Amino acid sequence: MKFSVQWLREWVNPDISIETLSKQLTMAGLEVDAELPVAAQFSGVVVGEVLTVGSHPEADKLQICTVNVGEAEPLQIVCGAKNVHVGMLVPTACVGAVLPGNFKIKKAKLRGVPSMGMLCSEQEIGLADSADGLMPLPADAPVGTNIRDYLQLDDVMLELGLTPNRSDCLSIAGIAREVGVLNRCELTAVAAVTVEPTIAEQFPINISATEACPRYLGRVIKGINPKAATPMWMQERLRRSGVRSISAVVDVTNYVMLELGQPMHAFDLNKLSGGIDVRFASSEEQVKLLNDETIKLTSNTLVIADQNGPLALAGIMGGNDSAVEDETVDLFLESAFFDPDVIAGKARSFGLHTDSSHRFERGVDYELPRRAMERATLLLKEIVAGDVGPITEVVNEAQLPRRVPVTLRATRLKRLLGVELAKDDVSEILTRLGMKAEYSANDEWCAVAPSFRFDISLEADLIEELARIFGYDNIPSIPPVARLQINAASETEVTPQRIRQLFIDRDYQEAITYSFVDEEQQLLLNPNASAIKLANPISAEMSVMRSTLWTGLLQALSYNQNRQQKRIRFFEIGVRFCGELSERKEEKVISGVVCGNQSAEQWGEKAREVDFFDLKADVEALLALAVRQKFSFNAEVHSALHPGQSAVIRDERGMLCGYLGLLHPEITKKLALEGNIFLFEISYGAIANRALPIFHELSKFPAVRRDIAVIVDESVSSQSISDCVESTAGGLLQELQLFDVYQGKGVDSGRKSIAIGLTLQEFSRTLTDSEIDGVIVGVLSSLNENLGATLRE
């Protein structure tokens, strides 16, 4: 919302500077986004009267003018504008004047003819970005007057960034009301003058969509002067509000909208037939708008129509076929209230945004249409004349908004603000804001919001109003007083901070991805999970809730690969969503993705691409946080992972804890990723708690290590060998270490040699050779019986 401070001060004029006014408005919730002069800086320009216009002897496009600027002798000025004529009043820059851009006017000769100044257009004095000719001034402009004084250009334009709930401030009247409340000043509003009809003619009005338009007013004005020009003062106020002057009739409707906040529209009466009907369009209808765009209407689009079809989009934009033109002499003027819920979003659905739609979709005062109609009629009578008919109003009171009384408790007010406001001040503020407020003996106010406020329905709304008018700066800053207690940290809990630190120590970076993901990508990774779809997604790429964190991590990996990052190591702690929306399951998981080299580039070690076992080592380090818990890794197929390089993780009870492995090559190709990409995902609950470490006294007796190599089938996993050895060796086994895997000469095809070291120790004595040999024989026998292993000679 742009407006002139000078215009505002005609309504309310507190004794404060523009800087103070800007701060007041901002602190009251009407943020001032810009504070700009209404015209560029210039000097030495006065009102000049063209006395004569003659041809230039040496140039067909130049003319020699004599101009009266209020001095003893008229000035001779050479001008190239086509619209210059005798009797024209025009801004005239005299010798010594300085125009915007520090352009200085000097005595000059144009094609041999002396020129003592310059006749100016709006562009040349900084009032417009472009101009087709000289700027004509009204016939009553006093010759010789400084143009800055005449046009009152020593003014400032403020631009407010209003929040959607403050549609009541989309007008000078609304802003003035706020300034008056903030400074306890009385308003000097424009007088509400009733224009008496001079003719009896009316145009029929019917409202078929009464819920969408509970109030519609129309008035016939006949015999206007279509050639009448918009007064300079009105043009200037429109310009300073960011609205272009078009014609006298259109300018008046725009002016009333800016002044009072009521969008209006004028139809050419002679282009209407039958009567006005406010209704919803049918799906096959279309309308050509004022911007020459023809749009196809939908069944939920509210239109202003006559018997021939739609004339305008209600509350958005008028139609071209019924528009006021240069030859229009008879008008039908409309002023209405449209339900904000009906107008909201309609303009955007057609690719439009207008001043009218901006106001109606936020809410316009439903008591304002008649006052605006009278104001517009009065201005039209003064500018274009004409005969005025009576106002025709159709209203459905039952469909108009209802204002419900809101109770404000003094105790609640003090509790939320932290300061006690005087009861008289509370009543005064609420009253000045246009509310009907009554104080009762039980320390409560009953307030009813005015018709121009659509954002007050709760007690908290009233408290917010009181806080901003009282002034946030006036509320004392009192630090909260509370007893703080440090809760004991659980020794059995594995915290997210500990997990993060572990991965950071292992050269990972934490990623935080969206919970909303692309449905197609998620189906690639987790086709068996039922996706929870969003009712109103931000985009197609964020249409479902994630059932695995891999979707977001792979998108992050792709983003980095596309920016020449080759070595990527991400982890994330987050929630995945499964099941139906009403019975969804939210599970916290830890996920990760790695690709590229195992180590950062260096000189001391040869570069090696990360593999399955590097990732497994990272996962084992994570699982090791769960002290005294055992986990097993077993080969198992997962739809998103390579069938030969994937494993399932289970705890000692056999419960599923997670998966890890190489991303399936087909998925890698479909997602346009590069290289081998390894993933893991583990349930947070699997490691969230750990057993407390228990101290065991160290044995004073020596430990013995025996190494054995056994030959097993290629399909036998190291996990199964370890399980078999541990169950056979019993309590004497202190450590089991796999240290070699061999396939080649001396080992049959389809078989492999596994070398393991067994460290044996007894707490109370030294083990004898026979005891050690017995354990080793038992281990070899168990490996042979369970896994078909043979001792390698």
# chains A, B, ... in the order shown; residues from 1 in each chain; ligands from 1
call {"tool": "residues_around", "arguments": {"residues": "range 717-731 of chain A", "least_positions_apart": "2", "cutoff": "10 Å", "atoms": "only C-alpha atoms", "output": "ChimeraX atom specification"}}
result
/A:632-635,710,712-715,733-738,741,754,756,758,760-763,772,774-783,786-787,789
call {"tool": "write_last_selection", "arguments": {"atoms": "C-alpha atoms", "output": "compact mmCIF listing (two decimals), in the first residue's frame"}}
result
# COMPACT_ATOMS: atom_id res chain seq x y z
CA SER A 632 24.67 -60.21 13.35
CA PHE A 633 25.09 -59.44 9.65
CA ASN A 634 23.56 -61.91 7.22
CA ALA A 635 23.26 -61.82 3.46
CA VAL A 710 40.32 -73.95 7.64
CA VAL A 712 35.22 -73.97 3.69
CA ASP A 713 32.79 -73.54 0.85
CA GLU A 714 32.87 -70.14 -0.80
CA SER A 715 29.29 -69.44 0.40
CA LEU A 733 37.95 -67.73 24.42
CA GLN A 734 38.89 -64.12 25.12
CA GLU A 735 39.30 -62.88 21.53
CA LEU A 736 38.61 -64.17 18.03
CA GLN A 737 40.31 -62.49 15.08
CA LEU A 738 39.89 -63.29 11.37
CA VAL A 741 41.13 -65.00 3.41
CA ILE A 754 39.92 -68.70 6.32
CA ILE A 756 41.57 -67.15 12.42
CA LEU A 758 42.01 -67.71 18.99
CA LEU A 760 42.57 -68.38 25.21
CA GLN A 761 42.94 -67.51 28.89
CA GLU A 762 41.84 -68.85 32.29
CA PHE A 763 41.27 -66.44 35.17
CA ILE A 772 44.51 -75.77 24.80
CA GLY A 774 41.40 -79.93 23.55
CA VAL A 775 39.74 -76.59 22.81
CA ILE A 776 41.32 -76.40 19.35
CA VAL A 777 40.31 -80.01 18.51
CA GLY A 778 36.77 -79.28 19.65
CA VAL A 779 36.59 -76.12 17.52
CA LEU A 780 37.86 -77.97 14.41
CA SER A 781 35.41 -80.80 14.98
CA SER A 782 32.49 -78.37 15.37
CA LEU A 783 33.49 -76.44 12.25
CA ASN A 786 28.39 -77.67 11.12
CA LEU A 787 30.09 -75.98 8.19
CA ALA A 789 35.33 -77.11 7.26
call {"tool": "residues_around", "arguments": {"residues": "Asp321 in chain A", "least_positions_apart": "5", "cutoff": "10 Å", "atoms": "only C-alpha atoms", "output": "count of residues only"}}
result
12
call {"tool": "select_by_dssp", "arguments": {"residues": "range 205-257 of chain A", "states": "strand (DSSP E or B)", "output": "ChimeraX atom specification"}}
result
/A:205-207,215-222
call {"tool": "atom_distance", "arguments": {"atom1": "CA of Leu698 in chain A", "atom2": "CA of Leu625 in chain A"}}
result
22.7 Å
call {"tool": "closest_residue", "arguments": {"among": "A:Phe3, A:Ile463, A:Arg453, A:Asn528", "to": "Leu413 in chain A", "atoms": "only C-alpha atoms"}}
result
A:Ile463
call {"tool": "atom_distance", "arguments": {"atom1": "CA of Val143 in chain A", "atom2": "CA of Ala81 in chain A"}}
result
20.2 Å
call {"tool": "atom_distance", "arguments": {"atom1": "CA of Ser299 in chain A", "atom2": "CA of Ala212 in chain A"}}
result
13.2 Å
call {"tool": "residues_around", "arguments": {"residues": "Gln76 in chain A", "least_positions_apart": "3", "cutoff": "7 Å", "atoms": "only C-alpha atoms", "output": "list in words"}}
result
Ile64, Cys65, Thr66, Val67, Ser115 and Met116 of chain A
call {"tool": "residues_around", "arguments": {"residues": "Glu493 in chain A", "least_positions_apart": "2", "cutoff": "8 Å", "atoms": "only C-alpha atoms", "output": "PyMOL selection string"}}
result
chain A and resi 490-491+495+688-690
call {"tool": "closest_residue", "arguments": {"among": "A:Val181, A:Ile224, A:Leu162, A:Ile667", "to": "Asp330 in chain A", "atoms": "only C-alpha atoms"}}
result
A:Ile224
